[in-house]
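Printed here is model_12.txt (compact mmCIF, C-alpha atoms and all ligand atoms):
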# COMPACT_ATOMS: atom_id res chain seq x y z
CA MET A 41 0.00 0.00 0.00
CA SER A 42 1.34 3.45 -0.88
CA GLY A 43 1.77 6.26 1.64
CA LEU A 44 -1.44 7.77 0.29
CA GLY A 45 -3.50 5.24 2.21
CA PRO A 46 -5.90 2.61 0.94
CA ARG A 47 -6.96 3.03 -2.69
CA TYR A 48 -10.64 2.48 -2.12
CA PRO A 49 -12.96 2.77 0.88
CA THR A 50 -13.33 -0.62 2.53
CA GLU A 51 -16.39 0.19 4.60
CA LYS A 52 -19.76 1.54 3.55
CA PRO A 53 -19.34 5.32 3.27
CA ASP A 54 -21.93 7.63 4.86
CA HIS A 55 -23.15 8.69 1.46
CA PRO A 56 -24.65 5.82 -0.57
CA TYR A 57 -23.68 7.34 -3.91
CA VAL A 58 -20.03 7.43 -3.06
CA GLN A 59 -17.97 5.40 -5.44
CA PHE A 60 -14.47 4.19 -5.86
CA SER A 61 -13.03 7.30 -7.53
CA MET A 62 -9.50 7.71 -6.23
CA GLY A 63 -9.69 11.52 -6.54
CA GLY A 64 -13.09 11.52 -4.89
CA TYR A 65 -11.90 9.40 -2.00
CA LEU A 66 -8.77 11.41 -1.39
CA PHE A 67 -10.12 14.90 -1.98
CA GLY A 68 -13.81 14.48 -1.22
CA ASN A 69 -14.63 15.59 -4.76
CA TYR A 70 -17.31 13.40 -6.31
CA ASN A 71 -17.95 15.39 -9.47
CA SER A 72 -19.11 13.23 -12.35
CA LEU A 73 -16.84 12.74 -15.33
CA PHE A 74 -19.56 13.50 -17.87
CA CYS A 75 -19.87 16.72 -19.88
CA ALA A 76 -22.10 19.37 -18.35
CA GLY A 77 -25.69 18.55 -19.24
CA CYS A 78 -25.10 14.89 -20.13
CA GLY A 79 -28.04 12.61 -19.32
CA TYR A 80 -25.85 9.88 -17.82
CA GLY A 81 -25.68 11.71 -14.50
CA ILE A 82 -29.47 11.44 -14.21
CA ILE A 83 -29.32 7.72 -15.01
CA GLY A 84 -26.62 7.05 -12.40
CA HIS A 85 -28.63 8.86 -9.77
CA LEU A 86 -31.91 7.07 -10.56
CA PHE A 87 -30.17 3.72 -10.73
CA THR A 88 -28.69 4.07 -7.25
CA ARG A 89 -31.92 5.48 -5.88
CA VAL A 90 -33.81 2.35 -6.97
CA PHE A 91 -31.26 0.16 -5.16
CA GLU A 92 -31.56 2.27 -2.02
CA ASP A 93 -35.39 2.52 -2.12
CA GLU A 94 -35.89 -1.19 -2.69
CA LYS A 95 -33.11 -2.21 -0.28
CA ILE A 96 -31.62 -4.38 -3.00
CA ASP A 97 -28.35 -6.18 -2.33
CA PRO A 98 -26.07 -4.87 -5.13
CA LYS A 99 -23.85 -7.94 -4.78
CA LEU A 100 -26.60 -10.09 -6.30
CA PHE A 101 -26.99 -7.74 -9.26
CA PRO A 102 -23.53 -7.47 -10.85
CA LEU A 103 -23.03 -4.79 -13.47
CA ILE A 104 -21.63 -5.78 -16.84
CA ILE A 105 -20.57 -2.60 -18.53
CA GLY A 106 -19.92 -2.05 -22.22
CA ILE A 107 -17.68 0.61 -23.72
CA GLY A 108 -18.88 4.16 -24.21
CA CYS A 109 -19.23 7.40 -22.26
CA TYR A 110 -21.68 5.60 -19.95
CA THR A 111 -18.83 3.34 -18.77
CA GLN A 112 -18.04 6.19 -16.37
CA LEU A 113 -21.34 5.46 -14.62
CA ILE A 114 -19.25 3.24 -12.38
CA THR A 115 -18.38 6.40 -10.50
CA LEU A 116 -22.04 7.14 -9.73
CA VAL A 117 -23.65 3.78 -8.97
CA HIS A 118 -23.97 2.23 -5.55
CA HIS A 119 -20.58 1.82 -3.87
CA ALA A 120 -21.15 -1.89 -3.23
CA SER A 121 -22.05 -2.76 -6.84
CA GLN A 122 -19.94 -5.47 -8.43
CA LYS A 123 -18.61 -4.28 -11.77
CA VAL A 124 -17.15 -6.04 -14.80
CA PHE A 125 -16.10 -4.32 -18.02
CA ALA A 126 -16.88 -6.08 -21.27
CA LEU A 127 -15.30 -5.68 -24.66
CA HIS A 128 -17.28 -3.25 -26.81
CA GLY A 129 -20.65 -4.90 -27.56
CA ARG A 130 -19.84 -8.16 -25.78
CA ALA A 131 -21.60 -7.65 -22.45
CA PRO A 132 -24.36 -10.19 -23.33
CA ALA A 133 -21.73 -12.93 -23.70
CA LEU A 134 -20.39 -12.20 -20.20
CA ALA A 135 -23.89 -12.05 -18.76
CA THR A 136 -24.70 -15.45 -20.27
CA GLY A 137 -21.60 -17.05 -18.73
CA MET A 138 -22.21 -15.39 -15.38
CA LYS A 139 -25.84 -16.49 -15.23
CA ILE A 140 -24.99 -20.09 -16.07
CA ALA A 141 -22.10 -20.24 -13.61
CA ASN A 142 -24.13 -18.76 -10.76
CA PRO A 143 -27.90 -18.64 -11.41
CA LYS A 144 -28.46 -16.72 -8.15
CA LEU A 145 -26.97 -13.65 -9.79
CA LYS A 146 -28.97 -11.36 -12.00
CA PRO A 147 -26.62 -9.41 -14.26
CA ILE A 148 -27.44 -5.84 -15.26
CA ILE A 149 -25.95 -4.75 -18.56
CA PHE A 150 -25.05 -1.11 -19.22
CA SER A 151 -24.88 -0.61 -22.95
CA GLY A 152 -25.02 2.26 -25.42
CA ASP A 153 -26.93 2.42 -28.66
CA GLY A 154 -23.63 1.96 -30.47
CA ASP A 155 -22.46 -0.80 -28.13
CA CYS A 156 -25.70 -2.79 -28.14
CA LEU A 157 -27.27 -2.13 -31.52
CA GLY A 158 -24.10 -1.51 -33.53
CA ILE A 159 -21.05 -3.67 -32.82
CA GLY A 160 -22.93 -5.84 -30.30
CA GLY A 161 -26.12 -6.32 -32.33
CA ASN A 162 -25.53 -10.02 -32.86
CA HIS A 163 -24.92 -10.71 -29.16
CA PHE A 164 -28.01 -8.71 -28.27
CA ILE A 165 -30.23 -10.82 -30.54
CA HIS A 166 -29.08 -14.08 -28.98
CA ILE A 167 -29.36 -13.08 -25.33
CA CYS A 168 -32.96 -11.97 -26.04
CA ARG A 169 -33.68 -15.19 -27.95
CA ARG A 170 -32.51 -17.32 -25.03
CA ASN A 171 -34.44 -15.22 -22.53
CA ILE A 172 -31.55 -15.21 -20.08
CA ASP A 173 -32.50 -13.67 -16.74
CA CYS A 174 -30.86 -10.23 -16.85
CA VAL A 175 -31.62 -6.55 -17.33
CA ILE A 176 -30.28 -4.79 -20.41
CA LEU A 177 -30.26 -1.00 -20.24
CA ILE A 178 -29.62 0.54 -23.65
CA PHE A 179 -28.66 4.18 -23.35
CA ASN A 180 -29.67 5.79 -26.62
CA ASN A 181 -28.11 9.22 -27.19
CA SER A 182 -28.39 8.86 -30.97
CA ILE A 183 -24.60 9.06 -31.37
CA TYR A 184 -21.24 7.44 -30.60
CA GLY A 185 -20.33 9.83 -27.81
CA MET A 186 -17.04 8.47 -26.52
CA THR A 187 -15.26 8.33 -29.87
CA GLY A 188 -16.24 11.81 -31.04
CA GLY A 189 -19.85 12.00 -32.18
CA GLN A 190 -19.96 9.63 -35.14
CA SER A 191 -23.38 8.51 -36.37
CA ALA A 192 -24.79 5.40 -34.67
CA PRO A 193 -27.35 2.91 -36.01
CA THR A 194 -29.93 4.88 -34.02
CA THR A 195 -29.08 8.34 -35.38
CA LEU A 196 -32.28 10.02 -36.52
CA TYR A 197 -32.86 10.64 -40.20
CA GLY A 198 -31.65 14.10 -41.15
CA ALA A 199 -29.45 14.51 -38.06
CA GLU A 200 -25.93 15.88 -38.34
CA SER A 201 -22.99 14.06 -36.79
CA THR A 202 -19.22 14.15 -37.32
CA THR A 203 -19.52 11.38 -39.94
CA THR A 204 -22.71 12.70 -41.53
CA PRO A 205 -21.93 16.38 -42.22
CA TYR A 206 -24.49 16.23 -45.05
CA LYS A 207 -27.09 14.75 -42.64
CA MET A 208 -27.97 11.15 -41.83
CA PHE A 209 -29.64 9.38 -44.74
CA GLU A 210 -29.72 5.77 -43.43
CA ASN A 211 -32.70 4.00 -41.85
CA ARG A 212 -32.31 3.79 -38.09
CA SER A 213 -32.29 0.70 -35.87
CA ASP A 214 -35.13 0.34 -33.40
CA GLY A 215 -33.93 -1.42 -30.22
CA VAL A 216 -37.46 -2.18 -29.08
CA LYS A 217 -38.52 -3.77 -32.37
CA LEU A 218 -35.30 -5.78 -32.44
CA ALA A 219 -35.86 -7.04 -28.87
CA LEU A 220 -39.47 -7.94 -29.72
CA ALA A 221 -38.44 -9.88 -32.79
CA ALA A 222 -35.57 -11.61 -30.94
CA GLY A 223 -37.78 -12.76 -28.04
CA ALA A 224 -36.94 -10.76 -24.89
CA SER A 225 -39.77 -11.10 -22.37
CA TYR A 226 -39.97 -7.59 -20.84
CA ILE A 227 -39.45 -4.65 -23.19
CA ALA A 228 -39.85 -0.93 -22.56
CA ARG A 229 -38.57 2.44 -23.74
CA ILE A 230 -38.41 5.60 -21.67
CA THR A 231 -36.36 8.81 -21.49
CA VAL A 232 -34.37 10.58 -18.79
CA ALA A 233 -37.01 13.30 -18.98
CA HIS A 234 -39.43 10.78 -17.40
CA PRO A 235 -37.44 9.78 -14.29
CA ARG A 236 -40.29 8.31 -12.25
CA THR A 237 -41.40 6.07 -15.10
CA PHE A 238 -37.82 4.96 -15.63
CA MET A 239 -37.62 3.91 -11.96
CA LYS A 240 -40.95 2.06 -12.24
CA TYR A 241 -39.81 0.10 -15.30
CA PHE A 242 -36.41 -0.60 -13.81
CA LYS A 243 -37.92 -1.97 -10.57
CA LYS A 244 -40.22 -4.17 -12.62
CA ALA A 245 -37.27 -5.43 -14.69
CA LEU A 246 -35.28 -6.27 -11.53
CA LYS A 247 -38.14 -8.51 -10.37
CA HIS A 248 -38.87 -10.07 -13.76
CA LYS A 249 -37.52 -13.54 -14.53
CA GLY A 250 -36.15 -13.40 -18.07
CA THR A 251 -34.47 -10.90 -20.39
CA SER A 252 -35.65 -7.35 -19.71
CA VAL A 253 -34.70 -4.67 -22.21
CA ILE A 254 -35.18 -0.99 -21.34
CA GLU A 255 -34.08 1.56 -23.91
CA VAL A 256 -33.43 4.92 -22.28
CA ILE A 257 -33.34 8.03 -24.48
CA THR A 258 -30.70 10.37 -23.04
CA PRO A 259 -29.12 13.64 -24.20
CA CYS A 260 -25.60 14.02 -25.54
CA VAL A 261 -25.38 17.79 -25.58
CA THR A 262 -21.75 17.88 -26.69
CA TYR A 263 -21.98 15.91 -29.92
CA PHE A 264 -25.64 15.56 -30.75
CA GLY A 265 -27.30 18.65 -29.27
CA ARG A 266 -24.79 21.24 -30.42
CA ARG A 267 -24.96 19.97 -34.00
CA ASN A 268 -28.70 19.64 -34.31
CA LEU A 269 -31.80 21.81 -34.20
CA ASN A 270 -34.77 21.23 -31.92
CA ASN A 271 -37.14 20.89 -34.89
CA LEU A 272 -35.61 17.48 -35.68
CA GLY A 273 -38.47 15.01 -35.99
CA ALA A 274 -40.92 17.80 -36.77
CA GLU A 275 -39.51 18.97 -40.09
CA ASN A 276 -42.90 18.57 -41.77
CA LEU A 277 -44.32 21.30 -39.51
CA GLY A 278 -41.98 23.87 -41.05
CA LEU A 279 -40.81 25.14 -37.65
CA GLU A 280 -37.64 27.12 -37.42
CA GLY A 281 -35.24 25.22 -35.20
CA GLU A 282 -32.80 26.32 -32.55
CA LYS A 283 -29.50 24.60 -31.72
CA MET A 284 -29.83 22.27 -28.73
CA ASP A 285 -26.70 23.55 -27.07
CA ASN A 286 -27.77 22.99 -23.49
CA THR A 287 -29.45 20.24 -21.56
CA LEU A 288 -32.74 22.08 -21.04
CA LYS A 289 -33.24 22.42 -24.78
CA MET A 290 -32.34 18.78 -25.27
CA LEU A 291 -34.64 17.50 -22.52
CA ASP A 292 -37.44 19.64 -23.87
CA TRP A 293 -36.85 18.25 -27.36
CA ILE A 294 -36.72 14.66 -26.06
CA ARG A 295 -40.08 15.17 -24.34
CA ARG A 296 -41.67 16.72 -27.42
CA ASN A 297 -40.25 14.04 -29.70
CA SER A 298 -41.61 11.19 -27.52
CA VAL A 299 -45.00 9.64 -28.15
CA ARG A 300 -46.73 7.31 -25.67
CA VAL A 301 -47.34 3.85 -27.03
CA ASN A 302 -51.12 4.27 -26.56
CA GLN A 303 -51.12 7.48 -28.58
CA ALA A 304 -48.89 5.93 -31.23
CA LYS A 305 -51.59 3.36 -32.03
CA PHE A 306 -53.70 6.14 -33.54
CA MET A 307 -50.88 7.74 -35.52
CA THR A 308 -49.69 7.01 -39.04
CA GLU A 309 -46.22 5.77 -39.87
CA GLU A 310 -45.50 9.15 -41.37
CA GLU A 311 -46.48 10.93 -38.16
CA LEU A 312 -44.28 8.59 -36.14
CA PHE A 313 -41.25 9.05 -38.37
CA ASN A 314 -38.18 10.08 -36.31
CA LYS A 315 -40.21 9.95 -33.08
CA TYR A 316 -39.43 7.96 -29.93
CA ILE A 317 -42.32 5.71 -28.95
CA ILE A 318 -42.19 5.31 -25.18
CA GLY A 319 -43.93 2.89 -22.83
CA GLU A 320 -44.08 -0.85 -22.26
CA PHE A 321 -44.19 -3.11 -25.29
CA LYS A 322 -44.14 -6.62 -23.83
CA TYR A 323 -44.39 -8.31 -20.43
CA ASP A 324 -44.45 -12.09 -20.67
CA GLN A 325 -44.00 -13.81 -17.32
CA ASP A 326 -44.62 -17.30 -18.70
CA LYS A 327 -41.73 -17.57 -21.13
CA PRO A 328 -39.22 -20.15 -19.81
CA GLU A 329 -35.89 -18.76 -18.67
CA TYR A 330 -32.67 -20.18 -20.08
CA SER A 331 -30.50 -20.88 -17.03
CA GLU A 332 -33.29 -22.83 -15.26
CA LYS A 333 -33.65 -25.13 -18.26
CA TYR A 334 -29.87 -25.40 -18.57
CA ILE A 335 -29.48 -26.51 -14.94
CA LYS A 336 -32.12 -29.22 -15.37
CA ILE A 337 -30.29 -30.60 -18.38
CA GLN A 338 -26.97 -30.37 -16.55
CA LYS A 339 -28.48 -32.45 -13.70
CA LEU A 340 -29.72 -35.09 -16.13
CA ALA A 341 -26.30 -35.28 -17.75
CA MET A 342 -24.55 -35.59 -14.33
CA GLU A 343 -26.85 -38.43 -13.42
CA GLY A 344 -25.84 -40.13 -16.67
CA LYS A 345 -29.37 -40.15 -18.05
C1 LIG A 401 -13.86 -3.57 -30.73
C2 LIG A 401 -13.92 -2.08 -30.57
N1 LIG A 401 -14.23 -1.31 -31.64
C3 LIG A 401 -14.34 0.02 -31.51
C4 LIG A 401 -14.10 0.61 -30.30
C5 LIG A 401 -14.18 2.13 -30.17
N2 LIG A 401 -15.35 2.58 -29.46
C6 LIG A 401 -15.30 2.82 -28.12
S1 LIG A 401 -16.75 3.43 -27.54
C7 LIG A 401 -17.44 3.38 -29.08
C8 LIG A 401 -18.83 3.87 -29.33
C9 LIG A 401 -19.66 3.99 -28.12
O1 LIG A 401 -20.92 4.47 -28.47
P1 LIG A 401 -22.17 4.14 -27.58
O2 LIG A 401 -22.22 2.70 -27.25
O3 LIG A 401 -23.37 4.69 -28.26
O4 LIG A 401 -21.89 4.91 -26.21
P2 LIG A 401 -21.73 6.47 -25.88
O5 LIG A 401 -20.27 6.75 -25.94
O6 LIG A 401 -22.52 7.23 -26.88
O7 LIG A 401 -22.26 6.60 -24.51
C10 LIG A 401 -16.54 2.88 -30.03
C11 LIG A 401 -16.86 2.72 -31.47
C12 LIG A 401 -13.77 -0.23 -29.20
N3 LIG A 401 -13.56 0.28 -27.98
N4 LIG A 401 -13.69 -1.54 -29.36
S1 LIG A 402 -19.87 13.22 -25.13
FE1 LIG A 402 -22.11 13.20 -24.92
S2 LIG A 402 -22.62 11.19 -24.01
FE2 LIG A 402 -20.43 11.56 -23.71
S3 LIG A 402 -20.26 12.49 -21.65
FE3 LIG A 402 -20.38 14.18 -23.15
S4 LIG A 402 -22.57 14.69 -23.30
FE4 LIG A 402 -22.42 12.68 -22.33
In structure tokens, what does this structure look like?
Amino acid sequence: MSGLGPRYPTEKPDHPYVQFSMGGYLFGNYNSLFCAGCGYGIIGHLFTRVFEDEKIDPKLFPLIIGIGCYTQLITLVHHASQKVFALHGRAPALATGMKIANPKLKPIIFSGDGDCLGIGGNHFIHICRRNIDCVILIFNNSIYGMTGGQSAPTTLYGAESTTTPYKMFENRSDGVKLALAAGASYIARITVAHPRTFMKYFKKALKHKGTSVIEVITPCVTYFGRRNLNNLGAENLGLEGEKMDNTLKMLDWIRRNSVRVNQAKFMTEEELFNKYIIGEFKYDQDKPEYSEKYIKIQKLAMEGK
């Protein structure tokens, strides 16, 4: 041990949000590492609040964290959370191994839209198909934040990014539709501008037996907001847009660009173009879970049957 003392607190700190930041521990400075106005701070706070409110033992809910700006959420989540970093897009593979090795654990995956629906798309499909008991949180900021604001599979049509200076012209991926088609058993989408609903869905997912997928729409002010106007998604209305260069403008835009699933039923495809449909899309408590079936087969094999 160096003369600076222990690297990390060994006992539960007074403040439940305290994390293992070396600087924070030594200097009592627990500032987040995100840009000012980033939505990940809200997510970290709500996440820890759910654990505190529900008196959940974080040791039974290990975090498997993909690669992106949200990786820094480790500095905001409950101090006792167990954390594993995955290769970019490969968190579902780790969650599968963890669940089979110790079925008492319920892994929680932190993933970005790029991590989960881009490079990790294939892994995402197969964890949903198997209905492995875990929670997958997809943080959709419509961009690759960590690497400099490149377009992601989720970037809205007509949006500007560092790799689409002439505006995005590709069709976007829809994480909810993909999860539905692949077979996850609890599926929802919400935004950081709806914090209470996020907590409700997250609590439900923690109790659900099977793959839960929650897509969370969150602002990246630095790369997405500053390059785009707040009339994105409403171009047909002919509104003059304003740059979304602060979090208030982005949160306001996220709210206006979100449509409740019940409302969406009465809207045309054209009206829903570039919108975020929010709400719950599937809740199937009867679908068999993978690790339970796997253990039964393992027992049969051990008995030589
Ligand atoms: C195999 C591999 N390819 C590429 C990268 C570079 N890389 C790191 S993060 C990232 C994109 C992250 O985007 P997203 O998942 O949307 O998270 P955000 O940063 O927006 O929160 C990329 C391409 C990597 N780390 N590993
Ligand atoms: S680049 Fe975007 S996503 Fe990353 S920390 Fe900054 S605001 Fe958040």
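If all atoms listed in the file are the atoms counted, then among A:Cys168, A:Leu145, A:Leu103, A:Ala221 the closest residue to A:Phe125 is A:Leu103.
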Subject >> Shell of 6 Å around ligand LIG 401 (chain A) (only C-alpha atoms and all ligand atoms), written as a list in words >> reply: Ile107, Gly108, Cys109, Tyr110, His128, Gly152, Asp153, Gly154, Asp155, Asn181, Ile183, Tyr184, Gly185, Met186 and Thr187 of chain A
**OP:** Report the distance between atom CA of A:Gln112 and atom S3 of ligand LIG 402 (chain A) in Å, rounded to one decimal place.
**Re:** 8.5 Å
Original post:
atom CA of A:Leu86 to atom CA of A:Met239: how many Å, to one decimal?
Top reply: 6.7 Å
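Shortest separation to A:Arg300 among A:Thr237, A:Asn276, A:Asn270, A:Asn180 occurs at residue A:Thr237, atoms counted being all atoms listed in the file.
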**OP:** Using all atoms listed in the file, find each protein or nucleic acid residue lying at most 12 Å from ligand LIG 402 (chain A); present the set as a PyMOL selection string.
**Re:** chain A and resi 72-83+107-113+152-154+179-190+201+257-267+284-287+290
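Proximity ranking of A:Phe242, A:Tyr334, A:Lys99, A:Pro193 relative to A:Gly137 places A:Tyr334 first, based on all atoms listed in the file.
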Kindly list the centre and edge lengths in Å, rounded to one decimal, for the axis-aligned box that covers all listed atoms of stretch 301-314 of chain A plus 4 Å on each of its six sides, as JSON.
{"center_x": -45.9, "center_y": 7.1, "center_z": -34.0, "size_x": 23.5, "size_y": 15.6, "size_z": 22.8}
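Of note, atom CA of A:Glu332 and atom CA of A:Ile140 are spaced 8.8 Å apart.
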Compile a residue-level contact table for stretch 240-326 of chain A against stretch 171-178 of chain A at a cut-off of 12 Å, reporting for every qualifying residue the shortest atom pair and its distance in Å to one decimal, with all atoms listed in the file counted, rows ordered by chain and ascending number, as a Markdown table.
| residue | atom | partner | partner_atom | distance |
| --- | --- | --- | --- | --- |
| A:Tyr241 | CA | A:Val175 | CA | 10.7 |
| A:Phe242 | CA | A:Val175 | CA | 8.4 |
| A:Lys243 | CA | A:Val175 | CA | 10.3 |
| A:Lys244 | CA | A:Val175 | CA | 10.1 |
| A:Ala245 | CA | A:Val175 | CA | 6.3 |
| A:Leu246 | CA | A:Val175 | CA | 6.9 |
| A:Lys247 | CA | A:Val175 | CA | 9.7 |
| A:His248 | CA | A:Asp173 | CA | 7.9 |
| A:Lys249 | CA | A:Asp173 | CA | 5.5 |
| A:Gly250 | CA | A:Asp173 | CA | 3.9 |
| A:Thr251 | CA | A:Asn171 | CA | 4.8 |
| A:Ser252 | CA | A:Val175 | CA | 4.7 |
| A:Val253 | CA | A:Ile176 | CA | 4.8 |
| A:Ile254 | CA | A:Leu177 | CA | 5.0 |
| A:Glu255 | CA | A:Ile178 | CA | 4.6 |
| A:Val256 | CA | A:Ile178 | CA | 6.0 |
| A:Ile257 | CA | A:Ile178 | CA | 8.4 |
| A:Thr258 | CA | A:Ile178 | CA | 9.9 |
| A:Asp324 | CA | A:Asn171 | CA | 10.7 |
| A:Gln325 | CA | A:Asn171 | CA | 11.0 |
| A:Asp326 | CA | A:Asn171 | CA | 11.1 |
